Amino acid sequence: MERANILGCGVDLVSMEQAVTLIEKMVESGRPHQVITLNAEIIYQAREDADLQRIINHADLVTPDGIGVVWAAGYLGYRSAGRVTGIDLLEQIGAKAAELGWKVYLLGSAPGVAEAAGKALQNRYPGLKVVGTHHGYFKNEDLPALLDEIKELGPDLLCAALGAPGQEIWISRYKEQLGVPVMIGVGGSLDVIGGFKQRAPELFIKLNLEWFYRLVSEPSRLKRQMVLPRFAGRVLREKHRKRS
Ligand code: UDP
């Protein structure tokens, strides 16, 4: 498995199949692991946030989520990799979890969303064990009870939809304490799986224009996406620097 260095962040250039196999091994090991699906916005943010960069570089698996990361890896001379997005990974792991009897906990999004996403996944993958759900707007004082609940339920897999990079920071902070074998940040995936938001049509995904669809359907993302040209500029300069 090749780990690319993109502006200081390690990204594993894995296929979806390889990612699922690695996650299967993590569950089998029983020890806690963190999986990150990384996009260009977060890489750009991590340049000025040493803690975030450390969290990314300590994660057990970091997949290229988003066409910006895939482009940067190719441009910097790594072999081309496909996207392994949070939502696609969650669906693939859902199938695996149902097949192998893993216990799944869904944390995050607005009240009711994680339950709906859990039911939708169970409809799609009969037999899937969703052992618990909790919304993502808990107060600090509710945290100890939430951590106790997760520990007691002992899931094999916890999907955190708390927004990036908050979910990555949260997982890194509680990973050892919770001891869940695989904890993965899934961003807005529960909203889509639960039927509260729509993913881009297949054609947009195929043409690598999913970012554009999200921008048009959620104009509030404009500020976040403004970093993408700056990310690209940094990558261009990085290659130039390496050459000279
Ligand atoms: N979210 C949450 N708690 C928070 C902030 C966000 O549960 O304190 C949820 C939000 O409801 C949404 C998800 O995190 O379902 C992902 O948010 P975002 O739009 O940032 O998604 P991303 O770009 O990371 O996919």
# chains A, B, ... in the order shown; residues from 1 in each chain; ligands from 1
call {"tool": "residues_around", "arguments": {"residues": "A:Ala46", "least_positions_apart": "3", "cutoff": "10 Å", "atoms": "only C-alpha atoms", "output": "ChimeraX atom specification"}}
result
/A:7-9,40-43,49-56,165
call {"tool": "residues_around", "arguments": {"residues": "stretch 15-28 of chain A", "least_positions_apart": "3", "cutoff": "8 Å", "atoms": "only C-alpha atoms", "output": "MDAnalysis selection string"}}
result
chainID A and resid 31:33 61 63 81:84 89 92:93 156:157 181:182
call {"tool": "residues_near_ligand", "arguments": {"ligand": "ligand 1", "cutoff": "7 Å", "atoms": "only C-alpha atoms and all ligand atoms", "output": "mmCIF file with N, CA and C atoms, in the first residue's frame"}}
result
data_model
loop_
_atom_site.group_PDB
_atom_site.id
_atom_site.type_symbol
_atom_site.label_atom_id
_atom_site.label_comp_id
_atom_site.auth_asym_id
_atom_site.auth_seq_id
_atom_site.Cartn_x
_atom_site.Cartn_y
_atom_site.Cartn_z
ATOM 1 N N GLY A 108 -24.036 10.876 15.460
ATOM 2 C CA GLY A 108 -23.920 12.146 14.761
ATOM 3 C C GLY A 108 -25.150 12.552 13.985
ATOM 4 N N SER A 109 -25.073 13.751 13.387
ATOM 5 C CA SER A 109 -26.146 14.398 12.633
ATOM 6 C C SER A 109 -27.287 14.820 13.575
ATOM 7 N N ALA A 110 -28.289 15.436 12.978
ATOM 8 C CA ALA A 110 -29.398 15.975 13.778
ATOM 9 C C ALA A 110 -30.194 14.833 14.425
ATOM 10 N N HIS A 135 -27.544 11.319 18.350
ATOM 11 C CA HIS A 135 -27.341 12.499 17.504
ATOM 12 C C HIS A 135 -26.007 13.173 17.832
ATOM 13 N N GLY A 136 -25.633 14.123 17.010
ATOM 14 C CA GLY A 136 -24.298 14.715 17.138
ATOM 15 C C GLY A 136 -24.282 16.088 17.774
ATOM 16 N N TYR A 137 -25.332 16.448 18.486
ATOM 17 C CA TYR A 137 -25.363 17.783 19.099
ATOM 18 C C TYR A 137 -25.448 17.684 20.615
ATOM 19 N N ALA A 161 -20.557 10.986 12.448
ATOM 20 C CA ALA A 161 -20.957 12.014 11.470
ATOM 21 C C ALA A 161 -21.097 13.325 12.227
ATOM 22 N N LEU A 162 -19.947 13.913 12.579
ATOM 23 C CA LEU A 162 -19.951 15.138 13.384
ATOM 24 C C LEU A 162 -19.392 16.309 12.597
ATOM 25 N N GLY A 163 -19.228 16.140 11.282
ATOM 26 C CA GLY A 163 -18.602 17.173 10.454
ATOM 27 C C GLY A 163 -17.091 17.052 10.528
ATOM 28 N N ALA A 164 -16.448 17.281 9.402
ATOM 29 C CA ALA A 164 -14.974 17.209 9.361
ATOM 30 C C ALA A 164 -14.411 18.615 9.616
ATOM 31 N N VAL A 186 -17.650 9.964 8.973
ATOM 32 C CA VAL A 186 -18.411 9.786 7.733
ATOM 33 C C VAL A 186 -19.134 11.063 7.278
ATOM 34 N N GLY A 187 -18.804 12.208 7.900
ATOM 35 C CA GLY A 187 -19.344 13.500 7.440
ATOM 36 C C GLY A 187 -20.852 13.510 7.292
ATOM 37 N N GLY A 188 -21.329 13.929 6.121
ATOM 38 C CA GLY A 188 -22.772 14.062 5.912
ATOM 39 C C GLY A 188 -23.439 12.779 5.425
ATOM 40 N N SER A 189 -22.762 11.631 5.552
ATOM 41 C CA SER A 189 -23.305 10.388 4.977
ATOM 42 C C SER A 189 -24.619 9.929 5.609
ATOM 43 N N LEU A 190 -24.763 10.134 6.924
ATOM 44 C CA LEU A 190 -25.997 9.643 7.567
ATOM 45 C C LEU A 190 -27.205 10.431 7.058
ATOM 46 N N ASP A 191 -26.999 11.728 6.764
ATOM 47 C CA ASP A 191 -28.099 12.535 6.207
ATOM 48 C C ASP A 191 -28.566 11.946 4.875
#
call {"tool": "residues_around", "arguments": {"residues": "A:Leu158", "least_positions_apart": "3", "cutoff": "8 Å", "atoms": "only C-alpha atoms", "output": "tab-separated table (two decimals) with C-alpha atoms, in the first residue's frame"}}
result
chain	number	residue	atom	x	y	z
A	104	VAL	CA	-22.35	-1.01	14.48
A	105	TYR	CA	-22.91	2.27	16.35
A	106	LEU	CA	-24.00	5.40	14.45
A	107	LEU	CA	-23.14	8.71	16.10
A	155	PRO	CA	-19.57	-2.04	18.94
A	180	VAL	CA	-13.84	0.35	19.42
A	182	VAL	CA	-12.81	0.74	13.90
A	183	MET	CA	-13.89	4.36	14.28
A	184	ILE	CA	-14.49	6.26	11.09
call {"tool": "atom_distance", "arguments": {"atom1": "atom CA of A:Val70", "atom2": "atom CA of A:Lys175"}}
result
27.6 Å
call {"tool": "atom_distance", "arguments": {"atom1": "atom CA of A:Val113", "atom2": "atom CA of A:Val130"}}
result
13.6 Å
call {"tool": "atom_distance", "arguments": {"atom1": "atom CA of A:Lys139", "atom2": "atom CA of A:Gln122"}}
result
28.7 Å
call {"tool": "select_by_dssp", "arguments": {"residues": "chain A", "states": "strand (DSSP E)", "output": "PyMOL selection string"}}
result
chain A and resi 3-6+9-12+33-38+61-64+103-108+129-134+157-161+182-185
call {"tool": "closest_residue", "arguments": {"among": "A:Ala72, A:Val131, A:Tyr78, A:Val235", "to": "A:Ala97", "atoms": "only C-alpha atoms"}}
result
A:Val131
call {"tool": "residues_around", "arguments": {"residues": "A:Arg224", "least_positions_apart": "2", "cutoff": "12 Å", "atoms": "only C-alpha atoms", "output": "number ranges by chain"}}
result
A: 39-42, 44-45, 164, 211, 214-215, 218-222, 226-231
call {"tool": "closest_residue", "arguments": {"among": "A:Ala200, A:Leu147, A:Ile171, A:Ala73", "to": "A:Glu238", "atoms": "only C-alpha atoms"}}
result
A:Ala73
call {"tool": "select_by_dssp", "arguments": {"residues": "stretch 52-210 of chain A", "states": "alpha helix (DSSP H)", "output": "MDAnalysis selection string"}}
result
chainID A and resid 52:58 67:75 86:100 113:124 143:153 166:178 189:193 202:206 210
call {"tool": "closest_residue", "arguments": {"among": "A:Phe138, A:Ala145, A:Leu13, A:Gly195", "to": "A:Trp71", "atoms": "only C-alpha atoms"}}
result
A:Leu13
